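File shown: work-v8.tsv. Contents: TSV, C-alpha atoms and all ligand atoms.
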chain	number	residue	atom	x	y	z
S	1	MET	CA	167.11	-38.27	100.19
S	2	ALA	CA	166.87	-35.80	103.08
S	3	ASP	CA	163.40	-34.40	103.81
S	4	LEU	CA	162.04	-31.36	102.04
S	5	ILE	CA	161.39	-28.69	104.67
S	6	LEU	CA	159.35	-25.72	103.49
S	7	HIS	CA	159.56	-22.60	105.68
S	8	HIS	CA	156.42	-20.62	104.88
S	9	TYR	CA	153.17	-19.14	106.22
S	10	ALA	CA	149.57	-19.70	105.18
S	11	THR	CA	148.86	-16.27	103.67
S	12	SER	CA	152.04	-16.04	101.57
S	13	PRO	CA	151.30	-16.11	97.81
S	14	PHE	CA	154.79	-17.28	96.78
S	15	SER	CA	154.43	-20.11	99.31
S	16	GLU	CA	151.13	-21.11	97.70
S	17	LYS	CA	152.99	-21.36	94.37
S	18	LEU	CA	155.32	-23.95	95.91
S	19	ARG	CA	152.68	-25.78	97.96
S	20	LEU	CA	150.78	-26.46	94.71
S	21	ILE	CA	153.94	-27.54	92.87
S	22	LEU	CA	154.69	-29.97	95.72
S	23	GLY	CA	151.15	-31.27	95.21
S	24	TYR	CA	151.53	-31.45	91.43
S	25	LYS	CA	154.71	-33.47	91.76
S	26	LYS	CA	153.17	-35.62	94.52
S	27	LEU	CA	156.02	-34.87	96.93
S	28	ALA	CA	155.97	-35.32	100.70
S	29	TRP	CA	157.19	-32.30	102.67
S	30	LYS	CA	157.63	-30.94	106.15
S	31	SER	CA	156.01	-27.63	107.03
S	32	VAL	CA	157.66	-25.02	109.27
S	33	ILE	CA	155.45	-21.99	109.83
S	34	ILE	CA	157.50	-18.78	110.01
S	35	PRO	CA	156.55	-15.20	110.93
S	36	ALA	CA	155.22	-12.92	108.18
S	37	ILE	CA	157.27	-9.96	109.44
S	38	LEU	CA	160.65	-9.39	111.09
S	39	PRO	CA	162.09	-10.44	113.49
S	40	LYS	CA	162.70	-13.96	112.12
S	41	PRO	CA	165.68	-15.28	114.12
S	42	ASP	CA	165.12	-18.92	113.12
S	43	VAL	CA	164.93	-18.11	109.40
S	44	LEU	CA	168.07	-15.97	109.66
S	45	ALA	CA	169.93	-18.81	111.45
S	46	LEU	CA	169.50	-20.72	108.18
S	47	THR	CA	169.84	-17.97	105.58
S	48	GLY	CA	172.20	-15.52	107.31
S	49	GLY	CA	170.18	-12.46	106.24
S	50	TYR	CA	167.67	-13.28	103.48
S	51	ARG	CA	164.23	-12.81	105.04
S	52	ARG	CA	161.76	-13.41	102.23
S	53	THR	CA	159.24	-16.23	102.17
S	54	PRO	CA	159.35	-19.11	101.34
S	55	ILE	CA	162.67	-20.94	101.67
S	56	LEU	CA	163.25	-24.64	101.05
S	57	GLN	CA	165.67	-26.50	103.32
S	58	ILE	CA	167.08	-29.90	102.43
S	59	GLY	CA	169.49	-30.97	105.18
S	60	ALA	CA	172.14	-28.23	105.41
S	61	ASP	CA	171.22	-26.71	102.02
S	62	VAL	CA	168.95	-23.68	101.99
S	63	TYR	CA	167.35	-22.64	98.71
S	64	CYS	CA	166.11	-19.05	98.43
S	65	ASP	CA	163.53	-17.77	95.91
S	66	THR	CA	160.76	-19.82	94.35
S	67	ALA	CA	162.32	-19.58	90.85
S	68	LEU	CA	165.35	-21.54	92.08
S	69	ILE	CA	163.26	-23.83	94.26
S	70	CYS	CA	161.23	-24.79	91.15
S	71	ASP	CA	164.49	-26.01	89.56
S	72	VAL	CA	165.30	-28.06	92.67
S	73	LEU	CA	161.85	-29.66	92.72
S	74	GLU	CA	162.09	-30.38	88.98
S	75	HIS	CA	165.40	-32.15	89.59
S	76	LEU	CA	163.90	-34.22	92.42
S	77	ALA	CA	160.71	-35.14	90.56
S	78	PRO	CA	161.14	-34.56	86.81
S	79	VAL	CA	157.65	-35.90	85.99
S	80	PRO	CA	155.28	-34.13	85.61
S	81	SER	CA	157.56	-31.40	84.32
S	82	LEU	CA	157.24	-27.70	85.10
S	83	TYR	CA	159.15	-26.95	81.89
S	84	PRO	CA	157.77	-29.28	79.20
S	85	GLU	CA	159.03	-29.04	75.63
S	86	PRO	CA	158.15	-27.27	73.40
S	87	GLY	CA	157.60	-23.91	75.05
S	88	LYS	CA	159.87	-24.23	78.04
S	89	GLY	CA	161.49	-20.83	77.46
S	90	LEU	CA	158.06	-19.27	77.06
S	91	ALA	CA	156.85	-20.83	80.32
S	92	ARG	CA	159.86	-19.45	82.21
S	93	VAL	CA	159.43	-15.96	80.76
S	94	ILE	CA	155.72	-15.91	81.62
S	95	ALA	CA	156.58	-17.10	85.15
S	96	GLN	CA	159.09	-14.29	85.61
S	97	TRP	CA	156.54	-11.74	84.40
S	98	ALA	CA	153.94	-13.19	86.78
S	99	ASP	CA	156.27	-13.13	89.79
S	100	THR	CA	157.00	-9.43	89.18
S	101	SER	CA	154.53	-7.39	87.06
S	102	LEU	CA	151.41	-9.48	87.71
S	103	PHE	CA	152.28	-9.96	91.38
S	104	TRP	CA	152.75	-6.26	92.11
S	105	ALA	CA	149.62	-5.25	90.17
S	106	ALA	CA	147.61	-7.84	92.14
S	107	MET	CA	149.08	-6.71	95.48
S	108	GLY	CA	148.58	-3.00	94.67
S	109	TYR	CA	144.95	-3.72	93.86
S	110	SER	CA	144.21	-6.20	96.66
S	111	PHE	CA	145.74	-4.10	99.45
S	112	SER	CA	143.09	-1.41	99.21
S	113	ALA	CA	141.47	-0.29	102.48
S	114	LYS	CA	138.76	-2.97	101.92
S	115	GLY	CA	141.33	-5.69	101.18
S	116	ALA	CA	143.40	-4.80	104.24
S	117	ALA	CA	140.22	-4.91	106.33
S	118	ASP	CA	139.66	-8.50	105.10
S	119	MET	CA	143.22	-9.48	105.91
S	120	PHE	CA	143.31	-8.08	109.40
S	121	ALA	CA	139.62	-8.48	110.34
S	122	LYS	CA	140.36	-10.79	113.26
S	123	ALA	CA	143.64	-9.18	114.34
S	124	PRO	CA	144.29	-6.33	116.78
S	125	PRO	CA	145.06	-2.93	115.15
S	126	GLU	CA	148.77	-3.21	116.08
S	127	THR	CA	149.09	-6.24	113.75
S	128	ALA	CA	148.02	-4.28	110.67
S	129	LYS	CA	150.28	-1.39	111.66
S	130	ALA	CA	153.33	-3.64	112.21
S	131	PHE	CA	152.69	-5.38	108.87
S	132	ALA	CA	152.44	-2.07	106.99
S	133	GLU	CA	155.66	-0.81	108.60
S	134	ASP	CA	157.52	-4.04	107.82
S	135	ARG	CA	156.47	-3.98	104.15
S	136	ARG	CA	157.29	-0.26	103.86
S	137	ALA	CA	160.84	-0.96	105.06
S	138	MET	CA	161.12	-3.84	102.58
S	139	SER	CA	160.02	-1.61	99.70
S	140	VAL	CA	162.77	1.03	99.94
S	141	ASN	CA	163.83	2.02	96.41
S	142	MET	CA	160.73	0.39	94.90
S	143	VAL	CA	158.07	2.19	92.90
S	144	ARG	CA	154.75	0.76	94.13
S	145	HIS	CA	151.56	1.06	92.04
S	146	ARG	CA	148.90	3.49	93.19
S	147	PRO	CA	145.60	1.55	93.66
S	148	ALA	CA	143.86	2.90	90.52
S	149	ASP	CA	146.92	2.20	88.34
S	150	ALA	CA	147.19	-1.27	89.87
S	151	ALA	CA	143.51	-1.97	89.12
S	152	ALA	CA	143.94	-0.95	85.47
S	153	ALA	CA	147.04	-3.10	85.02
S	154	TYR	CA	145.51	-6.09	86.86
S	155	LYS	CA	142.38	-5.99	84.64
S	156	SER	CA	144.52	-5.92	81.48
S	157	TYR	CA	146.65	-8.80	82.73
S	158	LEU	CA	143.57	-10.88	83.56
S	159	ARG	CA	142.21	-10.29	80.04
S	160	ARG	CA	145.53	-11.40	78.55
S	161	MET	CA	145.50	-14.54	80.65
S	162	SER	CA	141.92	-15.20	79.56
S	163	ASP	CA	143.08	-14.95	75.90
S	164	MET	CA	145.84	-17.46	76.65
S	165	LEU	CA	143.21	-19.91	77.89
S	166	ASP	CA	141.26	-19.81	74.58
S	167	ASP	CA	143.14	-22.82	73.22
S	168	GLY	CA	143.79	-25.02	76.24
S	169	ASP	CA	143.01	-25.74	79.87
S	170	PHE	CA	146.32	-24.22	81.00
S	171	LEU	CA	148.30	-21.15	79.98
S	172	VAL	CA	150.86	-22.82	77.72
S	173	GLY	CA	148.80	-25.84	76.60
S	174	ALA	CA	147.06	-28.90	77.95
S	175	TYR	CA	149.01	-29.28	81.21
S	176	PRO	CA	150.19	-26.91	83.94
S	177	THR	CA	153.72	-25.51	83.62
S	178	VAL	CA	155.74	-23.17	85.83
S	179	ALA	CA	153.80	-20.33	84.11
S	180	ASP	CA	150.50	-21.54	85.61
S	181	PHE	CA	151.84	-21.82	89.17
S	182	ALA	CA	153.43	-18.37	88.96
S	183	CYS	CA	150.32	-16.73	87.49
S	184	TYR	CA	148.02	-18.44	89.96
S	185	HIS	CA	149.45	-17.32	93.29
S	186	PRO	CA	148.77	-13.55	93.05
S	187	LEU	CA	145.18	-14.27	91.95
S	188	TRP	CA	144.81	-16.82	94.78
S	189	PHE	CA	145.74	-14.04	97.19
S	190	THR	CA	143.01	-11.78	95.82
S	191	ARG	CA	140.43	-14.55	95.94
S	192	LYS	CA	141.28	-16.07	99.33
S	193	ARG	CA	142.84	-13.33	101.41
S	194	THR	CA	140.93	-10.27	100.18
S	195	PRO	CA	137.48	-11.61	99.16
S	196	SER	CA	135.98	-8.08	99.16
S	197	MET	CA	138.27	-7.34	96.20
S	198	ALA	CA	137.73	-10.64	94.35
S	199	GLY	CA	134.94	-9.28	92.11
S	200	ILE	CA	137.66	-8.31	89.63
S	201	LEU	CA	138.11	-12.02	88.82
S	202	GLN	CA	134.48	-12.30	87.67
S	203	LEU	CA	135.32	-10.15	84.65
S	204	THR	CA	137.26	-13.11	83.20
S	205	PRO	CA	135.28	-16.36	83.75
S	206	ALA	CA	137.87	-18.44	81.84
S	207	VAL	CA	140.48	-17.34	84.36
S	208	GLN	CA	138.17	-18.26	87.25
S	209	ASP	CA	137.62	-21.75	85.81
S	210	TRP	CA	141.39	-22.16	85.37
S	211	MET	CA	141.87	-21.09	89.00
S	212	ASP	CA	139.49	-23.86	90.07
S	213	ARG	CA	141.56	-26.37	88.07
S	214	MET	CA	144.75	-25.10	89.70
S	215	SER	CA	143.28	-25.16	93.19
S	216	ALA	CA	142.19	-28.80	92.71
S	217	ILE	CA	145.87	-29.85	92.41
S	218	GLY	CA	146.24	-29.66	96.21
S	219	HIS	CA	149.33	-29.47	98.38
S	220	GLY	CA	150.75	-33.02	98.41
S	221	THR	CA	151.56	-34.82	101.65
S	222	MET	CA	152.47	-32.40	104.42
S	223	GLU	CA	153.71	-33.09	107.94
S	224	THR	CA	154.09	-30.39	110.57
S	225	PHE	CA	157.59	-29.62	111.84
S	226	ASP	CA	159.06	-26.74	113.81
S	227	ALA	CA	161.96	-24.34	113.42
S	228	THR	CA	164.02	-25.84	116.26
S	229	GLN	CA	163.79	-29.28	114.64
S	230	ALA	CA	164.68	-27.79	111.25
S	231	ILE	CA	167.77	-26.03	112.63
S	232	ALA	CA	168.82	-29.29	114.33
S	233	VAL	CA	168.52	-31.04	110.94
S	234	ALA	CA	170.83	-28.43	109.37
S	235	LYS	CA	173.32	-28.77	112.22
S	236	SER	CA	173.52	-32.56	111.90
S	237	SER	CA	173.73	-32.59	108.07
S	238	THR	CA	176.52	-32.07	105.57
S	239	PRO	CA	175.70	-29.68	102.71
S	240	HIS	CA	175.08	-31.40	99.41
S	241	THR	CA	173.49	-29.39	96.62
S	242	LEU	CA	170.96	-30.89	94.26
S	243	LEU	CA	171.62	-28.25	91.60
S	244	SER	CA	173.41	-30.01	88.80
S	245	ASP	CA	175.20	-27.15	87.00
S	246	SER	CA	178.57	-26.36	88.55
S	247	THR	CA	180.67	-24.65	85.83
S	248	PHE	CA	181.98	-21.32	87.15
S	249	GLN	CA	180.63	-18.40	85.11
S	250	ASP	CA	182.29	-15.18	86.21
S	251	GLU	CA	180.44	-11.97	85.32
S	252	HIS	CA	181.75	-9.82	88.19
S	253	GLY	CA	185.49	-10.47	88.37
S	254	ILE	CA	184.92	-12.13	91.76
S	255	PRO	CA	186.80	-15.45	92.15
S	256	LEU	CA	185.38	-18.41	94.05
S	257	GLY	CA	186.51	-18.34	97.68
S	258	THR	CA	185.85	-14.58	98.00
S	259	ARG	CA	183.84	-13.24	100.93
S	260	VAL	CA	180.70	-11.76	99.33
S	261	THR	CA	177.18	-10.58	99.96
S	262	ILE	CA	174.12	-11.53	97.94
S	263	ALA	CA	170.91	-9.52	98.16
S	264	ALA	CA	167.59	-9.29	96.35
S	265	GLU	CA	167.54	-6.42	93.84
S	266	SER	CA	164.28	-5.15	95.29
S	267	PHE	CA	161.78	-5.87	98.07
S	268	GLY	CA	163.67	-7.21	101.06
S	269	PRO	CA	167.22	-5.99	100.47
S	270	GLU	CA	168.79	-7.67	103.56
S	271	PRO	CA	172.02	-9.33	102.37
S	272	THR	CA	173.42	-12.77	103.16
S	273	GLU	CA	177.18	-12.82	103.68
S	274	GLY	CA	179.46	-15.84	103.16
S	275	GLU	CA	182.16	-17.44	101.03
S	276	LEU	CA	181.28	-17.71	97.35
S	277	ILE	CA	181.62	-21.39	96.47
S	278	ALA	CA	179.56	-21.50	93.24
S	279	ALA	CA	178.54	-18.99	90.58
S	280	THR	CA	177.06	-20.93	87.69
S	281	ARG	CA	174.87	-20.10	84.70
S	282	THR	CA	171.81	-20.24	86.97
S	283	HIS	CA	172.73	-19.80	90.62
S	284	TYR	CA	175.09	-18.66	93.36
S	285	THR	CA	176.03	-20.66	96.45
S	286	LEU	CA	177.45	-19.20	99.65
S	287	ARG	CA	179.01	-21.17	102.50
S	288	ARG	CA	178.42	-19.77	105.96
S	289	THR	CA	178.65	-21.02	109.49
S	290	ASP	CA	175.99	-20.21	112.01
S	291	PRO	CA	176.23	-20.76	115.77
S	292	ARG	CA	172.92	-22.67	115.76
S	293	ALA	CA	172.67	-24.22	112.27
S	294	GLY	CA	176.37	-25.05	111.74
S	295	THR	CA	177.83	-24.92	108.24
S	296	VAL	CA	175.11	-24.35	105.66
S	297	HIS	CA	175.13	-23.69	101.94
S	298	VAL	CA	172.71	-20.96	100.91
S	299	HIS	CA	171.67	-20.94	97.26
S	300	PHE	CA	170.23	-18.04	95.23
S	301	PRO	CA	169.16	-17.66	91.60
S	302	ARG	CA	171.26	-15.21	89.60
S	303	ILE	CA	168.28	-13.38	88.12
S	304	GLY	CA	166.97	-10.79	90.58
S	305	TYR	CA	169.98	-10.86	92.94
S	306	THR	CA	173.12	-8.75	93.26
S	307	LEU	CA	176.55	-10.12	94.12
S	308	ARG	CA	179.19	-7.92	95.79
S	309	ALA	CA	182.64	-8.63	97.21
S	310	VAL	CA	183.00	-7.65	100.87
S	311	GLU	CA	185.55	-4.82	101.06
S	312	GLY	CA	188.67	-5.15	103.19
Q	1	LIG	N1	161.14	-13.60	94.19
Q	1	LIG	C1	160.82	-14.14	95.50
Q	1	LIG	C2	159.71	-13.30	96.12
Q	1	LIG	C3	159.33	-13.77	97.51
Q	1	LIG	C4	158.41	-12.79	98.22
Q	1	LIG	O1	158.33	-11.59	97.88
Q	1	LIG	N2	157.70	-13.29	99.23
Q	1	LIG	C5	156.90	-12.45	100.07
Q	1	LIG	C6	155.79	-13.29	100.71
Q	1	LIG	S1	154.73	-14.06	99.54
Q	1	LIG	C7	157.73	-11.97	101.22
Q	1	LIG	O2	158.87	-12.35	101.35
Q	1	LIG	N3	157.16	-11.14	102.09
Q	1	LIG	C8	157.89	-10.71	103.26
Q	1	LIG	C9	158.14	-11.80	104.25
Q	1	LIG	O3	157.50	-12.87	104.21
Q	1	LIG	O4	158.96	-11.59	105.12
Q	1	LIG	C10	160.44	-15.61	95.37
Q	1	LIG	O5	160.09	-16.03	94.25
Q	1	LIG	O6	160.58	-16.37	96.34

Transcribe the structure of this file into structure tokens.
Amino acid sequence: MADLILHHYATSPFSEKLRLILGYKKLAWKSVIIPAILPKPDVLALTGGYRRTPILQIGADVYCDTALICDVLEHLAPVPSLYPEPGKGLARVIAQWADTSLFWAAMGYSFSAKGAADMFAKAPPETAKAFAEDRRAMSVNMVRHRPADAAAAYKSYLRRMSDMLDDGDFLVGAYPTVADFACYHPLWFTRKRTPSMAGILQLTPAVQDWMDRMSAIGHGTMETFDATQAIAVAKSSTPHTLLSDSTFQDEHGIPLGTRVTIAAESFGPEPTEGELIAATRTHYTLRRTDPRAGTVHVHFPRIGYTLRAVEG
């Protein structure tokens, strides 16, 4: 099998979700560190527009969004499972809640003036300003929590998670599932990146102990790689998806072969344009050709993404 190449950066919570899953499944992976803000020319050579972090590259296949990447990693290494029976639907629903409601409450709370001071303590003032401007542009059309509202929601969510830990070491039972990895990464951000704000976690000691268990999983076997090497891998590879479902499921009246765009519904609306070559129960695939990366297949989950035909 071609190497797993994770494009990510150290402070990215969604990347931490995947780094731990790679560790849990004992997978070896190559690490390409990407910028936290635009411009990201090397990322865009692979994705054609999608700019969020992380992405997983396997040869000339580029998988966007951690929800879809979890499915790819599950296919590659089914044991230990992220979706054990019974409770697999529950684990997925909790994960989706965590990647949206919990994540934004945690970010709204952690990015207070004190939290931002932690994050940018060693950086020149322009870095904090450029970051704030980048994230503001990404958030067009989004309602962001005000800090006090975020704090109230975050505290409630932590109490609920603490209740879930009454009966087991992990959120849906005795072993970690996708729910644990998704719930962990926003809290990891508060604890590691904004320590001045981490006192909130002390209100729920069971959650803190669970975080220690999650952190102990580690990141698997990582080797450093760079973007130029990764683009050369794409260029010399033939696309070959690992996603097993292929039955066409048309919800939009858009036939395969149509020129389309796919974009995140919120936060980072930059579209990727290409030829629609799969629209299944779970995912979309676009074929596109890039001057540097050659022909690549870019894969997106259906949930959270919009599909549109390109006019004319
Ligand atoms: N639903 C997406 C969310 C990804 C996301 O929001 N990632 C953040 C970083 S943790 C991001 O893209 N920030 C802007 C950037 O890195 O350019 C996923 O699961 O991958």

Once you add 5 Å to each side, what are the centre and edge lengths of the axis-aligned box holding all listed atoms of region 206-225 of chain S? One decimal in Å, as JSON, if you can.
{"center_x": 147.6, "center_y": -26.1, "center_z": 96.8, "size_x": 30.0, "size_y": 27.5, "size_z": 40.0}

- When you draw a straight line from atom O1 of ligand LIG 1 (chain Q) to CA of Pro86 (chain S), how long is it in Å? 29.1 Å

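Take the candidates S:Glu273, S:Asp169, S:Asp99, S:Asp290 and check each one against ligand LIG 1 (chain Q) using all atoms listed in the file; the shortest distance goes to S:Asp99.
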
- Message: Just to confirm, what's the straight-line distance from CA of Gly87 (chain S) to CA of Gln202 (chain S) in Å (one decimal)?
- Response: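 Separating CA of Gly87 (chain S) from CA of Gln202 (chain S) is a distance of 28.8 Å.
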
- Message: Using all atoms listed in the file, can you tell me which of S:Arg19, S:Arg51, S:His185, S:Arg160 comes closest to ligand LIG 1 (chain Q)?
- Response: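 Among the listed residues, the smallest separation from ligand LIG 1 (chain Q) belongs to S:Arg51.
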
- Task: Taking (175.1, -27.5, 103.9) in the file's own coordinates, collect the residues within 8 Å, counting all atoms listed in the file, and hand them back as a count of residues only.
- Result: 15

- Task: Find the residues near region 138-150 of chain S: any atom within 12 Å, counting all atoms listed in the file, skip ones fewer than 5 places away on the same chain, and give them as an MDAnalysis selection string.
- Result: chainID S and resid 37:38 50:52 100:115 131:133 155:157 197 200 264:270

- Message: Which residues are close to Pro35 (chain S), i.e. within 10 Å by all atoms listed in the file, leaving aside same-chain residues fewer than 6 positions away? Reply as a list in words.
- Response: His7, His8, Tyr9, Pro41, Asp42, Val43, Arg51 and Thr53 of chain S

Would you tabulate, counting only C-alpha atoms, all residues of region 181-203 of chain S that have an atom at most 10 Å from an atom of region 214-231 of chain S, showing the closest pair of atoms and their distance in Å to one decimal, sorted by chain then ascending number, as JSON lines?
{"residue": "S:Phe181", "atom": "CA", "partner": "S:Met214", "partner_atom": "CA", "distance": 7.8}
{"residue": "S:Tyr184", "atom": "CA", "partner": "S:Met214", "partner_atom": "CA", "distance": 7.4}
{"residue": "S:His185", "atom": "CA", "partner": "S:Met214", "partner_atom": "CA", "distance": 9.8}
{"residue": "S:Trp188", "atom": "CA", "partner": "S:Ser215", "partner_atom": "CA", "distance": 8.6}

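If you measure from each of S:Tyr24, S:Phe189, S:Phe248, S:Tyr284 to ligand LIG 1 (chain Q) using only C-alpha atoms and all ligand atoms, the closest one turns out to be S:Phe189.
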
- If you count all atoms listed in the file, the residue of S:Thr66, S:Thr47, S:Ser81, S:Gln57 closest to ligand LIG 1 (chain Q) turns out to be S:Thr66

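Nearest residue to Met161 (chain S) among S:Ala121, S:Ala182, S:Val207, S:Ala116 is S:Val207, counting all atoms listed in the file.
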
- Item | Of the listed residues S:Lys122, S:Arg135, S:His283, S:His299, that which approaches ligand LIG 1 (chain Q) most closely, counting only C-alpha atoms and all ligand atoms |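 That would be S:Arg135, the residue with the smallest distance to ligand LIG 1 (chain Q).
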
- Task: Do a neighbour search on Leu6 (chain S) at 9 Å with all atoms listed in the file, toss out local chain neighbours closer than 3 positions, and write the hits as a list of chain:residue names.
- Result: S:Ser15, S:Leu18, S:Arg19, S:Trp29, S:Lys30, S:Ser31, S:Val32, S:Ile33, S:Pro54, S:Ile55, S:Leu56, S:Gln57, S:Ile58

- Task: List every protein, DNA or RNA residue that has an atom no more than 10 Å from (148.2, -25.0, 82.1) in the file's coordinate frame, counting only C-alpha atoms, and report them as a VMD selection string.
- Result: chain S and resid 82 91 164 to 165 168 to 181 210 213 to 214
